[in-house]
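Student: My structure is stored as my_file_1.txt, with compact mmCIF, C-alpha atoms.
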# COMPACT_ATOMS: atom_id res chain seq x y z
CA MET A 1 -3.38 133.37 -107.15
CA ILE A 2 -5.72 133.74 -104.17
CA GLY A 3 -4.24 136.00 -101.52
CA GLN A 4 -0.53 136.51 -100.82
CA MET A 5 2.15 134.28 -99.33
CA LYS A 6 5.02 135.35 -97.10
CA MET A 7 7.05 132.40 -98.37
CA LYS A 8 8.44 133.08 -101.83
CA PRO A 9 6.67 131.11 -104.59
CA ALA A 10 9.88 129.27 -105.57
CA GLU A 11 10.38 127.99 -102.00
CA PHE A 12 6.72 127.03 -101.73
CA ILE A 13 6.91 125.03 -104.96
CA PHE A 14 10.14 123.32 -103.93
CA LEU A 15 8.89 122.51 -100.43
CA SER A 16 5.60 121.17 -101.86
CA ALA A 17 7.59 119.03 -104.27
CA CYS A 18 9.67 117.62 -101.42
CA THR A 19 6.58 116.78 -99.35
CA MET A 20 5.05 114.98 -102.34
CA MET A 21 8.44 113.37 -103.02
CA LEU A 22 7.98 111.31 -99.86
CA THR A 23 5.48 109.12 -101.69
CA ALA A 24 7.84 108.46 -104.61
CA LEU A 25 10.94 108.03 -102.45
CA GLY A 26 9.04 105.60 -100.24
CA ILE A 27 8.79 103.39 -103.33
CA ASP A 28 11.49 104.03 -105.90
CA VAL A 29 14.57 103.81 -103.69
CA MET A 30 13.42 100.40 -102.41
CA LEU A 31 12.86 98.67 -105.74
CA PRO A 32 16.50 97.61 -106.30
CA ALA A 33 16.45 95.99 -102.83
CA PHE A 34 13.51 93.68 -103.53
CA ALA A 35 15.73 90.76 -104.53
CA ALA A 36 17.51 91.02 -101.17
CA VAL A 37 14.15 91.27 -99.37
CA ARG A 38 12.92 88.10 -101.11
CA SER A 39 16.08 86.30 -100.01
CA TYR A 40 15.81 87.62 -96.44
CA PHE A 41 12.23 86.36 -96.05
CA GLY A 42 12.86 83.07 -97.88
CA LEU A 43 10.74 83.83 -100.95
CA SER A 44 11.45 82.35 -104.38
CA HIS A 45 13.39 84.54 -106.81
CA ASP A 46 10.38 84.91 -109.14
CA SER A 47 7.87 85.66 -106.36
CA THR A 48 5.53 88.60 -106.91
CA GLU A 49 4.97 89.00 -103.13
CA THR A 50 7.36 91.95 -102.91
CA ALA A 51 4.98 93.92 -105.14
CA LYS A 52 2.70 94.05 -102.06
CA ILE A 53 5.28 96.27 -100.34
CA ILE A 54 4.29 98.91 -102.88
CA SER A 55 0.59 98.06 -103.02
CA PHE A 56 0.08 98.27 -99.23
CA PHE A 57 1.85 101.63 -99.14
CA PHE A 58 -0.50 102.95 -101.83
CA MET A 59 -3.55 101.46 -100.11
CA GLY A 60 -2.69 103.39 -96.95
CA GLN A 61 -3.88 106.42 -98.90
CA ILE A 62 -7.45 105.48 -97.91
CA ALA A 63 -6.82 107.58 -94.78
CA GLN A 64 -7.07 110.70 -96.94
CA ILE A 65 -10.86 110.65 -96.54
CA VAL A 66 -10.42 111.19 -92.78
CA PHE A 67 -7.55 113.64 -93.08
CA GLY A 68 -9.51 115.70 -95.61
CA ALA A 69 -12.38 116.30 -93.20
CA LEU A 70 -9.95 117.11 -90.39
CA SER A 71 -7.97 119.55 -92.55
CA ASP A 72 -11.14 121.47 -93.45
CA ARG A 73 -11.86 121.81 -89.73
CA PHE A 74 -8.43 122.31 -88.15
CA GLY A 75 -6.38 123.63 -91.08
CA ARG A 76 -3.81 122.12 -93.44
CA LEU A 77 -0.75 122.44 -91.21
CA SER A 78 -2.12 120.44 -88.28
CA ILE A 79 -2.80 117.45 -90.54
CA LEU A 80 0.54 117.83 -92.29
CA ARG A 81 2.22 117.54 -88.87
CA ILE A 82 0.31 114.34 -88.10
CA GLY A 83 1.30 112.80 -91.43
CA PHE A 84 5.06 113.15 -91.05
CA PRO A 85 5.35 111.13 -87.79
CA LEU A 86 3.13 108.37 -89.21
CA TYR A 87 5.34 108.15 -92.29
CA ILE A 88 8.56 108.16 -90.27
CA VAL A 89 7.44 105.61 -87.66
CA GLY A 90 5.89 103.34 -90.30
CA GLY A 91 9.11 103.42 -92.31
CA VAL A 92 11.28 102.52 -89.33
CA VAL A 93 9.00 99.65 -88.22
CA ALA A 94 8.88 98.25 -91.77
CA THR A 95 12.68 98.26 -91.87
CA PHE A 96 13.06 96.12 -88.76
CA ALA A 97 9.91 93.97 -89.18
CA PRO A 98 10.55 90.30 -88.31
CA ASN A 99 8.26 89.03 -91.06
CA LEU A 100 6.60 90.18 -94.26
CA SER A 101 3.14 90.53 -92.68
CA ILE A 102 4.35 93.08 -90.12
CA MET A 103 6.31 94.87 -92.83
CA LEU A 104 3.17 95.19 -94.96
CA GLY A 105 1.20 96.53 -91.99
CA ALA A 106 3.91 99.11 -91.28
CA ARG A 107 3.98 100.07 -94.94
CA PHE A 108 0.23 100.68 -94.75
CA VAL A 109 0.81 103.04 -91.80
CA ALA A 110 3.58 104.81 -93.71
CA GLY A 111 1.15 105.15 -96.61
CA MET A 112 -1.37 106.75 -94.25
CA GLY A 113 1.26 109.30 -93.29
CA ALA A 114 2.10 109.91 -96.92
CA SER A 115 -1.61 110.39 -97.62
CA ALA A 116 -1.86 113.18 -95.04
CA VAL A 117 1.15 114.92 -96.52
CA PHE A 118 -0.02 114.40 -100.12
CA MET A 119 -3.59 115.53 -99.46
CA THR A 120 -2.66 118.67 -97.53
CA THR A 121 -0.12 119.62 -100.19
CA ILE A 122 -2.73 119.47 -102.97
CA ALA A 123 -5.32 121.25 -100.80
CA SER A 124 -2.88 124.04 -99.93
CA VAL A 125 -2.11 124.54 -103.61
CA ARG A 126 -5.85 124.60 -104.32
CA ASP A 127 -6.29 127.17 -101.52
CA ARG A 128 -3.84 129.48 -103.25
CA PHE A 129 -4.41 128.83 -106.97
CA VAL A 130 -7.32 127.88 -109.27
CA GLY A 131 -7.93 126.52 -112.77
CA ASP A 132 -5.15 126.67 -115.34
CA GLN A 133 -2.86 128.48 -112.88
CA MET A 134 -3.23 125.58 -110.45
CA ALA A 135 -2.42 123.16 -113.29
CA ARG A 136 0.75 125.14 -114.05
CA VAL A 137 1.88 125.23 -110.40
CA MET A 138 1.10 121.53 -109.95
CA SER A 139 3.07 120.73 -113.11
CA ARG A 140 6.10 122.59 -111.75
CA ILE A 141 5.79 120.78 -108.43
CA LEU A 142 5.52 117.45 -110.25
CA THR A 143 8.52 118.30 -112.45
CA ILE A 144 10.74 118.58 -109.36
CA PHE A 145 9.02 115.67 -107.66
CA LEU A 146 9.56 113.45 -110.71
CA PHE A 147 13.32 113.68 -110.48
CA THR A 148 12.88 111.13 -107.68
CA PRO A 149 12.46 108.11 -110.00
CA VAL A 150 15.50 109.33 -111.96
CA PHE A 151 17.96 109.26 -109.05
CA ALA A 152 16.25 107.00 -106.47
CA PRO A 153 17.05 103.61 -108.07
CA PHE A 154 20.72 104.57 -108.38
CA LEU A 155 20.67 105.77 -104.79
CA GLY A 156 19.23 102.42 -103.74
CA ILE A 157 21.89 100.52 -105.71
CA GLY A 158 24.62 102.72 -104.27
CA ILE A 159 23.45 102.10 -100.71
CA LEU A 160 23.22 98.35 -101.39
CA ALA A 161 26.85 98.37 -102.52
CA ILE A 162 28.02 99.49 -99.08
CA ALA A 163 25.19 98.47 -96.73
CA SER A 164 22.16 96.18 -96.39
CA TRP A 165 18.64 96.53 -97.75
CA LYS A 166 17.57 97.80 -94.32
CA THR A 167 19.66 100.93 -94.84
CA VAL A 168 17.85 101.45 -98.13
CA PHE A 169 14.51 101.17 -96.36
CA LEU A 170 15.61 103.71 -93.73
CA THR A 171 16.38 106.37 -96.35
CA PRO A 172 12.76 107.62 -96.82
CA PRO A 173 12.06 108.18 -93.08
CA LEU A 174 15.40 109.97 -92.69
CA PHE A 175 14.58 112.29 -95.60
CA ALA A 176 11.08 112.82 -94.17
CA THR A 177 12.59 114.00 -90.89
CA LEU A 178 14.50 116.76 -92.71
CA VAL A 179 11.47 117.87 -94.72
CA PHE A 180 9.33 117.80 -91.56
CA LEU A 181 11.65 120.32 -89.92
CA TRP A 182 11.61 122.50 -93.05
CA SER A 183 7.80 122.42 -93.19
CA PHE A 184 7.59 124.55 -90.04
CA ARG A 185 8.30 127.54 -92.32
CA LEU A 186 5.06 126.87 -94.18
CA GLU A 187 2.09 129.12 -93.45
CA GLU A 188 -1.51 128.03 -92.98
CA SER A 189 -3.47 128.42 -96.23
CA LEU A 190 -6.99 127.97 -94.83
CA PRO A 191 -8.12 130.97 -92.70
CA ARG A 192 -10.12 130.18 -89.56
CA GLU A 193 -13.21 131.94 -90.88
CA GLN A 194 -13.27 129.62 -93.90
CA ARG A 195 -13.02 126.37 -91.94
CA SER A 196 -16.00 124.04 -91.73
CA SER A 197 -17.38 122.53 -88.52
CA LEU A 198 -16.61 118.90 -87.78
CA ASP A 199 -20.07 117.40 -87.56
CA TRP A 200 -21.77 114.64 -89.54
CA PRO A 201 -24.38 116.85 -91.24
CA THR A 202 -21.67 119.25 -92.44
CA ILE A 203 -19.37 116.46 -93.57
CA GLY A 204 -22.26 114.57 -95.17
CA GLU A 205 -23.33 117.68 -97.06
CA ALA A 206 -19.76 118.30 -98.22
CA VAL A 207 -19.39 114.70 -99.40
CA LYS A 208 -22.76 114.92 -101.16
CA THR A 209 -21.67 118.13 -102.87
CA VAL A 210 -18.46 116.51 -104.07
CA LEU A 211 -19.97 113.20 -105.23
CA SER A 212 -22.86 114.87 -107.03
CA ASN A 213 -20.51 116.89 -109.20
CA ARG A 214 -20.17 115.10 -112.54
CA THR A 215 -17.04 116.97 -113.51
CA PHE A 216 -15.31 115.86 -110.32
CA LEU A 217 -16.41 112.24 -110.83
CA ARG A 218 -15.31 112.07 -114.46
CA TYR A 219 -11.83 113.46 -113.91
CA THR A 220 -11.30 111.47 -110.72
CA THR A 221 -12.17 108.31 -112.67
CA VAL A 222 -9.69 109.26 -115.39
CA THR A 223 -6.92 109.64 -112.81
CA THR A 224 -7.91 106.35 -111.14
CA LEU A 225 -7.79 104.39 -114.39
CA LEU A 226 -4.41 105.74 -115.39
CA PHE A 227 -3.01 105.27 -111.88
CA THR A 228 -4.11 101.62 -111.89
CA ALA A 229 -1.84 100.89 -114.84
CA LEU A 230 0.96 103.07 -113.42
CA SER A 231 0.87 101.45 -109.96
CA SER A 232 0.90 97.98 -111.48
CA TYR A 233 3.94 98.83 -113.57
CA VAL A 234 5.83 100.45 -110.68
CA ALA A 235 5.14 97.56 -108.29
CA SER A 236 6.17 95.01 -110.93
CA SER A 237 8.96 96.92 -112.68
CA GLU A 238 11.82 95.18 -110.89
CA HIS A 239 10.19 91.79 -111.60
CA ILE A 240 9.55 92.64 -115.26
CA VAL A 241 13.13 93.74 -115.95
CA GLY A 242 14.87 91.15 -113.79
CA GLU A 243 12.69 88.05 -114.09
CA ILE A 244 10.68 88.39 -117.32
CA TYR A 245 13.32 90.08 -119.50
CA LEU A 246 16.23 88.63 -117.46
CA ARG A 247 18.14 91.94 -117.52
CA PRO A 248 18.38 92.96 -113.84
CA ARG A 249 21.42 95.20 -114.39
CA LEU A 250 19.35 97.41 -116.69
CA PHE A 251 16.65 98.06 -114.10
CA ALA A 252 17.99 101.31 -112.65
CA TRP A 253 18.74 102.73 -116.11
CA ILE A 254 15.31 101.83 -117.47
CA PHE A 255 13.48 103.14 -114.41
CA ALA A 256 15.52 106.36 -114.38
CA GLY A 257 15.03 106.88 -118.12
CA ILE A 258 11.27 106.54 -117.81
CA GLY A 259 11.34 108.90 -114.82
CA ALA A 260 13.21 111.50 -116.90
CA VAL A 261 10.60 111.25 -119.65
CA MET A 262 7.83 111.66 -117.07
CA SER A 263 9.48 114.75 -115.62
CA CYS A 264 9.89 116.34 -119.05
CA CYS A 265 6.25 115.64 -119.90
CA ALA A 266 5.07 117.24 -116.65
CA LEU A 267 7.12 120.36 -117.44
CA LEU A 268 5.78 120.46 -121.02
CA ASN A 269 2.24 120.23 -119.69
CA SER A 270 2.77 123.31 -117.51
CA ARG A 271 3.34 125.29 -120.70
CA LEU A 272 0.65 123.64 -122.80
CA SER A 273 -2.06 124.01 -120.15
CA ILE A 274 -1.48 127.77 -119.94
CA LYS A 275 -1.39 128.24 -123.71
CA TYR A 276 -4.26 125.98 -124.73
CA GLY A 277 -6.20 125.27 -121.52
CA ALA A 278 -6.29 122.16 -119.36
CA ARG A 279 -9.42 120.70 -120.97
CA ARG A 280 -8.09 120.83 -124.50
CA VAL A 281 -4.64 119.51 -123.56
CA ILE A 282 -5.98 116.55 -121.57
CA LYS A 283 -7.96 115.35 -124.62
CA TRP A 284 -4.86 115.56 -126.83
CA LEU A 285 -2.73 113.70 -124.32
CA LEU A 286 -5.25 110.92 -123.73
CA GLY A 287 -5.59 110.43 -127.48
CA ILE A 288 -1.83 109.93 -127.83
CA TYR A 289 -1.79 107.66 -124.75
CA THR A 290 -4.49 105.40 -126.19
CA GLY A 291 -2.78 105.32 -129.59
CA ALA A 292 0.52 104.23 -128.01
CA ALA A 293 -1.29 101.57 -125.96
CA ALA A 294 -3.04 100.25 -129.06
CA LEU A 295 0.25 99.96 -130.96
CA LEU A 296 1.92 98.13 -128.07
CA LEU A 297 -1.02 95.73 -127.78
CA VAL A 298 -0.99 94.94 -131.51
CA PHE A 299 2.80 94.46 -131.48
CA THR A 300 2.56 92.12 -128.47
CA LEU A 301 -0.23 90.03 -130.00
CA LEU A 302 1.53 89.77 -133.37
CA PHE A 303 5.14 89.25 -132.30
CA GLY A 304 4.89 87.49 -128.94
CA ASP A 305 4.72 88.06 -125.23
CA PRO A 306 6.88 89.61 -123.94
CA PRO A 307 7.54 91.95 -126.86
CA SER A 308 10.96 93.35 -127.67
CA ILE A 309 12.44 95.01 -124.59
CA ALA A 310 13.08 98.23 -126.55
CA VAL A 311 9.54 98.41 -127.95
CA PHE A 312 7.97 97.63 -124.57
CA PHE A 313 9.84 100.20 -122.53
CA VAL A 314 9.70 102.96 -125.14
CA ALA A 315 5.91 102.55 -125.19
CA ILE A 316 5.80 102.45 -121.38
CA ALA A 317 7.89 105.63 -121.19
CA VAL A 318 5.52 107.44 -123.57
CA MET A 319 2.39 106.34 -121.70
CA LEU A 320 3.72 107.02 -118.20
CA GLY A 321 5.04 110.39 -119.34
CA ILE A 322 1.58 111.27 -120.62
CA ASN A 323 0.07 109.89 -117.41
CA LEU A 324 2.01 112.38 -115.30
CA ALA A 325 1.19 115.19 -117.71
CA VAL A 326 -2.52 114.33 -117.47
CA GLU A 327 -2.66 114.17 -113.65
CA PRO A 328 -2.19 117.89 -112.85
CA ASN A 329 -4.85 118.74 -115.44
CA SER A 330 -7.31 116.14 -114.18
CA SER A 331 -6.77 117.16 -110.55
CA ALA A 332 -7.18 120.85 -111.39
CA LEU A 333 -10.36 120.20 -113.39
CA ALA A 334 -11.76 117.86 -110.74
CA LEU A 335 -11.14 120.31 -107.88
CA GLU A 336 -11.90 123.56 -109.72
CA PRO A 337 -15.63 123.63 -108.81
CA MET A 338 -15.09 122.51 -105.20
CA GLY A 339 -14.45 125.86 -103.50
CA SER A 340 -14.87 125.69 -99.70
CA VAL A 341 -14.99 121.87 -99.69
CA ALA A 342 -11.58 121.55 -101.37
CA GLY A 343 -10.19 119.58 -98.42
CA ILE A 344 -12.93 116.92 -98.57
CA ALA A 345 -12.78 116.94 -102.36
CA SER A 346 -9.00 116.45 -102.50
CA SER A 347 -9.21 113.70 -99.87
CA ILE A 348 -11.89 111.83 -101.84
CA TYR A 349 -9.90 112.40 -105.04
CA GLY A 350 -6.70 111.05 -103.50
CA THR A 351 -8.41 108.18 -101.68
CA VAL A 352 -10.20 106.95 -104.78
CA PHE A 353 -7.32 107.00 -107.21
CA PHE A 354 -4.67 105.80 -104.75
CA PHE A 355 -6.65 103.07 -102.97
CA ILE A 356 -8.78 101.75 -105.83
CA GLY A 357 -5.98 102.22 -108.35
CA SER A 358 -3.39 100.41 -106.24
CA ALA A 359 -5.81 97.59 -105.34
CA LEU A 360 -6.64 96.98 -108.99
CA GLY A 361 -2.99 97.41 -109.89
CA ALA A 362 -2.05 94.71 -107.36
CA VAL A 363 -4.40 92.29 -109.15
CA ILE A 364 -2.73 93.05 -112.49
CA SER A 365 0.72 92.65 -110.91
CA HIS A 366 -0.25 89.25 -109.50
CA LEU A 367 -1.05 88.03 -113.02
CA MET A 368 2.38 88.94 -114.37
CA THR A 369 4.45 85.97 -113.20
CA ASP A 370 5.96 85.40 -116.65
CA THR A 371 3.92 87.66 -118.93
CA VAL A 372 3.38 91.40 -119.53
CA LEU A 373 0.14 90.99 -121.51
CA PRO A 374 -2.16 91.84 -118.55
CA LEU A 375 -0.36 95.17 -118.17
CA VAL A 376 -0.46 95.87 -121.91
CA TRP A 377 -4.19 95.21 -122.02
CA SER A 378 -4.77 97.46 -119.00
CA PHE A 379 -3.01 100.41 -120.64
CA PHE A 380 -5.18 100.06 -123.75
CA VAL A 381 -8.55 99.49 -122.04
CA PHE A 382 -8.03 102.27 -119.50
CA GLY A 383 -6.88 104.63 -122.23
CA VAL A 384 -10.07 104.07 -124.24
CA MET A 385 -12.24 104.53 -121.16
CA SER A 386 -10.43 107.77 -120.25
CA VAL A 387 -10.93 109.24 -123.72
CA ILE A 388 -14.66 108.48 -123.47
CA LEU A 389 -14.82 110.20 -120.07
CA VAL A 390 -13.32 113.50 -121.29
CA LEU A 391 -15.48 113.70 -124.43
CA PRO A 392 -18.36 115.57 -122.68
CA ASP A 393 -16.04 118.60 -122.47
CA SER A 394 -15.53 118.66 -126.25
CA ARG A 395 -17.98 121.51 -126.79
CA ARG A 396 -16.85 123.56 -123.82
CA LYS A 397 -14.92 126.72 -124.40
CA ASN A 398 -11.33 126.46 -123.20
Let me see the file written as structure tokens.

Tutor:
Amino acid sequence: MIGQMKMKPAEFIFLSACTMMLTALGIDVMLPAFAAVRSYFGLSHDSTETAKIISFFFMGQIAQIVFGALSDRFGRLSILRIGFPLYIVGGVVATFAPNLSIMLGARFVAGMGASAVFMTTIASVRDRFVGDQMARVMSRILTIFLFTPVFAPFLGIGILAIASWKTVFLTPPLFATLVFLWSFRLEESLPREQRSSLDWPTIGEAVKTVLSNRTFLRYTTVTTLLFTALSSYVASSEHIVGEIYLRPRLFAWIFAGIGAVMSCCALLNSRLSIKYGARRVIKWLLGIYTGAAALLLVFTLLFGDPPSIAVFFVAIAVMLGINLAVEPNSSALALEPMGSVAGIASSIYGTVFFFIGSALGAVISHLMTDTVLPLVWSFFVFGVMSVILVLPDSRRKN
């Protein structure tokens, strides 16, 4: 750990998890309400338009590139306190939007707010921890954070039982208000003497430093590829369960079960990365991921599309669990050599994998009107590409 914190480590980890939880809560709690949203806006029951509610939120993460530069100049806390109001206001406007277009615009703004919170959380962890220790701390944060997809769908269903979908949509901004107040206990992690000036030559040099680092580029690409498949699944999950498999009542249980697997995998990774090193573990995990994707692809091609619901979702659970175990390792390895430009680096990292990943994921989601084969192919192709990208580290000492 770099330096000392007045806040106890356990509180820091839990608060960081709650700030990152805003991104997941801003998605997962809403998924059970999509059928009601389609009805409210006069969309057909099998429409994939509601997937854009997720995609636009993710694409709002493009603002990280701006927030990263600002956080390196003015500190992490000032940007964190800009992000919360954007998230809250965007969430409220989306709830009461008169049409889907305004809702999508508001969701983009909420995504911008989430990007500020997400980016400053990662940067503040990077300010305090490095290497395998950062991977362990990030895994613990993600373990808490990943309980969101376990309980959020049930929370959404519970709210729908007693109120409208608008109450469901108001839940994330209400939670954000509470976390915002709590965040005032957080200390600044970037000392004034380590802050960079806000001028184009300095920013340009920082961006050049980041983008010329091959390690950063390789691991950022790995995260982007895996997030593309993950974002496509999340945006389409309600449609897949309810409209392709025709089992809408199973949605919350399936989503929660996969979330539990993801949380367990993130916790397991925190132990493996310390014992064996992040580089070695990420290669093992990506090998298993690609193997699972290959088996699902073969099964789908041989036995029909869609494949058995049990086979499909067991494979999805394995791959998404590995995905969330890989992410803290890939982020730690990508940001490890960044040093004083960690803010710019984390903003570029987050912008690339969130914006590009969600945009590509939206294309895959659009193709899944009555088929899951586009998603199955994406898991396999992206898995193979990710394995190839981590191979250059094979001879490095862990």

Student: Using only C-alpha atoms, what table do you get, as JSON lines, when you list each residue of stretch 1-99 of chain A with an atom no more than 9 Å from stretch 347-371 of chain A, its nearest pair of atoms, and their distance in Å rounded to one decimal, rows by chain then rising number?

Tutor:
{"residue": "A:Asp46", "atom": "CA", "partner": "A:Thr369", "partner_atom": "CA", "distance": 7.3}
{"residue": "A:Ser47", "atom": "CA", "partner": "A:Thr369", "partner_atom": "CA", "distance": 7.7}
{"residue": "A:Thr48", "atom": "CA", "partner": "A:His366", "partner_atom": "CA", "distance": 6.4}
{"residue": "A:Glu49", "atom": "CA", "partner": "A:His366", "partner_atom": "CA", "distance": 8.2}
{"residue": "A:Ala51", "atom": "CA", "partner": "A:Ser365", "partner_atom": "CA", "distance": 7.3}
{"residue": "A:Lys52", "atom": "CA", "partner": "A:Ala362", "partner_atom": "CA", "distance": 7.1}
{"residue": "A:Ile54", "atom": "CA", "partner": "A:Ser358", "partner_atom": "CA", "distance": 8.5}
{"residue": "A:Ser55", "atom": "CA", "partner": "A:Ser358", "partner_atom": "CA", "distance": 5.6}
{"residue": "A:Phe56", "atom": "CA", "partner": "A:Ser358", "partner_atom": "CA", "distance": 8.1}
{"residue": "A:Phe57", "atom": "CA", "partner": "A:Ser358", "partner_atom": "CA", "distance": 8.9}
{"residue": "A:Phe58", "atom": "CA", "partner": "A:Phe354", "partner_atom": "CA", "distance": 5.8}
{"residue": "A:Met59", "atom": "CA", "partner": "A:Phe355", "partner_atom": "CA", "distance": 4.5}
{"residue": "A:Gly60", "atom": "CA", "partner": "A:Phe355", "partner_atom": "CA", "distance": 7.2}
{"residue": "A:Gln61", "atom": "CA", "partner": "A:Thr351", "partner_atom": "CA", "distance": 5.6}
{"residue": "A:Ile62", "atom": "CA", "partner": "A:Thr351", "partner_atom": "CA", "distance": 4.7}
{"residue": "A:Ala63", "atom": "CA", "partner": "A:Thr351", "partner_atom": "CA", "distance": 7.1}
{"residue": "A:Gln64", "atom": "CA", "partner": "A:Ser347", "partner_atom": "CA", "distance": 4.7}
{"residue": "A:Ile65", "atom": "CA", "partner": "A:Ser347", "partner_atom": "CA", "distance": 4.8}
{"residue": "A:Val66", "atom": "CA", "partner": "A:Ser347", "partner_atom": "CA", "distance": 7.6}
{"residue": "A:Phe67", "atom": "CA", "partner": "A:Ser347", "partner_atom": "CA", "distance": 7.0}
{"residue": "A:Gly68", "atom": "CA", "partner": "A:Ser347", "partner_atom": "CA", "distance": 4.7}
{"residue": "A:Ala69", "atom": "CA", "partner": "A:Ser347", "partner_atom": "CA", "distance": 7.8}

Student: From the options A:Val93, A:Leu181, A:Ile274, A:Val384, which residue's atoms come nearest to A:Gly291, counting all atoms listed in the file?

Tutor: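 Closest to A:Gly291, using all atoms listed in the file: A:Val384.
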
Student: Take atom CA of A:Pro149 and atom CA of A:Arg107 and report the distance between them in Å, one decimal.

Tutor: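 Distance between the two atoms: 19.1 Å.
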
Student: Can you work out the spacing between atom CA of A:Ser378 and atom CA of A:Ala229 in Å, to one decimal?

Tutor: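 Taking atom CA of A:Ser378 and atom CA of A:Ala229, their separation equals 6.1 Å.
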
Student: Can you work out which one of A:Leu155, A:Val387, A:Val125, A:Val372 has the shortest atom-to-atom distance to A:Leu297, counting all atoms listed in the file?

Tutor: A:Val372

Student: What is the distance between atom CA of A:Val311 and atom CA of A:Ala260, in Å to one decimal?

Tutor: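 Taking atom CA of A:Val311 as the start and atom CA of A:Ala260 as the end point, the length is 17.5 Å.
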
Student: Give me, as a list in words, all polymer residues having an atom no more than 9 Å from A:Arg81, counting only C-alpha atoms and skipping those fewer than 3 positions away in the same chain.

Tutor: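 Non-adjacent residues within range: Arg76, Leu77, Ser78, Phe84, Pro85, Ala116, Val117, Phe180, Ser183 and Phe184 of chain A.
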
Student: Restricting the output to C-alpha atoms, write the selected residues as a CSV table (one decimal), keeping the file's coordinate frame.

Tutor:
chain,number,residue,atom,x,y,z
A,76,ARG,CA,-3.8,122.1,-93.4
A,77,LEU,CA,-0.8,122.4,-91.2
A,78,SER,CA,-2.1,120.4,-88.3
A,84,PHE,CA,5.1,113.2,-91.0
A,85,PRO,CA,5.4,111.1,-87.8
A,116,ALA,CA,-1.9,113.2,-95.0
A,117,VAL,CA,1.2,114.9,-96.5
A,180,PHE,CA,9.3,117.8,-91.6
A,183,SER,CA,7.8,122.4,-93.2
A,184,PHE,CA,7.6,124.6,-90.0

Student: Report as an MDAnalysis selection string all protein, DNA and RNA residues lying within 10 Å of A:Ile53, evaluated on all atoms listed in the file, omitting residues in the same chain fewer than 6 positions from it.

Tutor: chainID A and resid 27 30:31 34 94 100:101 103:108 235

Student: For A:Leu15, which residue out of A:Val179, A:Leu170, A:Ala325, A:Ile344 is the nearest one, using only C-alpha atoms?

Tutor: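 Residue with the minimum atom-to-atom distance to A:Leu15: A:Val179.
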
Student: Could you rebuild stretch 17-28 of chain A with N, CA and C atoms and give it back as a PDB file, keeping the file's coordinate frame?

Tutor:
ATOM      1  N   ALA A  17       7.045 120.150-103.517  1.00  0.00           N
ATOM      2  CA  ALA A  17       7.590 119.030-104.270  1.00  0.00           C
ATOM      3  C   ALA A  17       8.270 118.017-103.354  1.00  0.00           C
ATOM      4  N   CYS A  18       8.982 118.522-102.353  1.00  0.00           N
ATOM      5  CA  CYS A  18       9.670 117.620-101.420  1.00  0.00           C
ATOM      6  C   CYS A  18       8.688 116.852-100.552  1.00  0.00           C
ATOM      7  N   THR A  19       7.582 117.500-100.145  1.00  0.00           N
ATOM      8  CA  THR A  19       6.580 116.780 -99.350  1.00  0.00           C
ATOM      9  C   THR A  19       5.926 115.680-100.191  1.00  0.00           C
ATOM     10  N   MET A  20       5.632 115.987-101.461  1.00  0.00           N
ATOM     11  CA  MET A  20       5.050 114.980-102.340  1.00  0.00           C
ATOM     12  C   MET A  20       6.083 113.919-102.715  1.00  0.00           C
ATOM     13  N   MET A  21       7.363 114.297-102.679  1.00  0.00           N
ATOM     14  CA  MET A  21       8.440 113.370-103.020  1.00  0.00           C
ATOM     15  C   MET A  21       8.502 112.198-102.042  1.00  0.00           C
ATOM     16  N   LEU A  22       7.963 112.385-100.848  1.00  0.00           N
ATOM     17  CA  LEU A  22       7.980 111.310 -99.860  1.00  0.00           C
ATOM     18  C   LEU A  22       7.273 110.062-100.380  1.00  0.00           C
ATOM     19  N   THR A  23       6.190 110.266-101.125  1.00  0.00           N
ATOM     20  CA  THR A  23       5.480 109.120-101.690  1.00  0.00           C
ATOM     21  C   THR A  23       6.352 108.376-102.681  1.00  0.00           C
ATOM     22  N   ALA A  24       6.997 109.104-103.594  1.00  0.00           N
ATOM     23  CA  ALA A  24       7.840 108.460-104.610  1.00  0.00           C
ATOM     24  C   ALA A  24       9.088 107.840-103.991  1.00  0.00           C
ATOM     25  N   LEU A  25       9.721 108.560-103.075  1.00  0.00           N
ATOM     26  CA  LEU A  25      10.940 108.030-102.450  1.00  0.00           C
ATOM     27  C   LEU A  25      10.631 106.790-101.634  1.00  0.00           C
ATOM     28  N   GLY A  26       9.446 106.762-101.023  1.00  0.00           N
ATOM     29  CA  GLY A  26       9.040 105.600-100.240  1.00  0.00           C
ATOM     30  C   GLY A  26       8.800 104.371-101.084  1.00  0.00           C
ATOM     31  N   ILE A  27       8.960 104.500-102.395  1.00  0.00           N
ATOM     32  CA  ILE A  27       8.790 103.390-103.330  1.00  0.00           C
ATOM     33  C   ILE A  27      10.052 103.154-104.146  1.00  0.00           C
ATOM     34  N   ASP A  28      10.474 104.199-104.862  1.00  0.00           N
ATOM     35  CA  ASP A  28      11.490 104.030-105.900  1.00  0.00           C
ATOM     36  C   ASP A  28      12.852 103.608-105.364  1.00  0.00           C
TER      37      ASP A  28
END
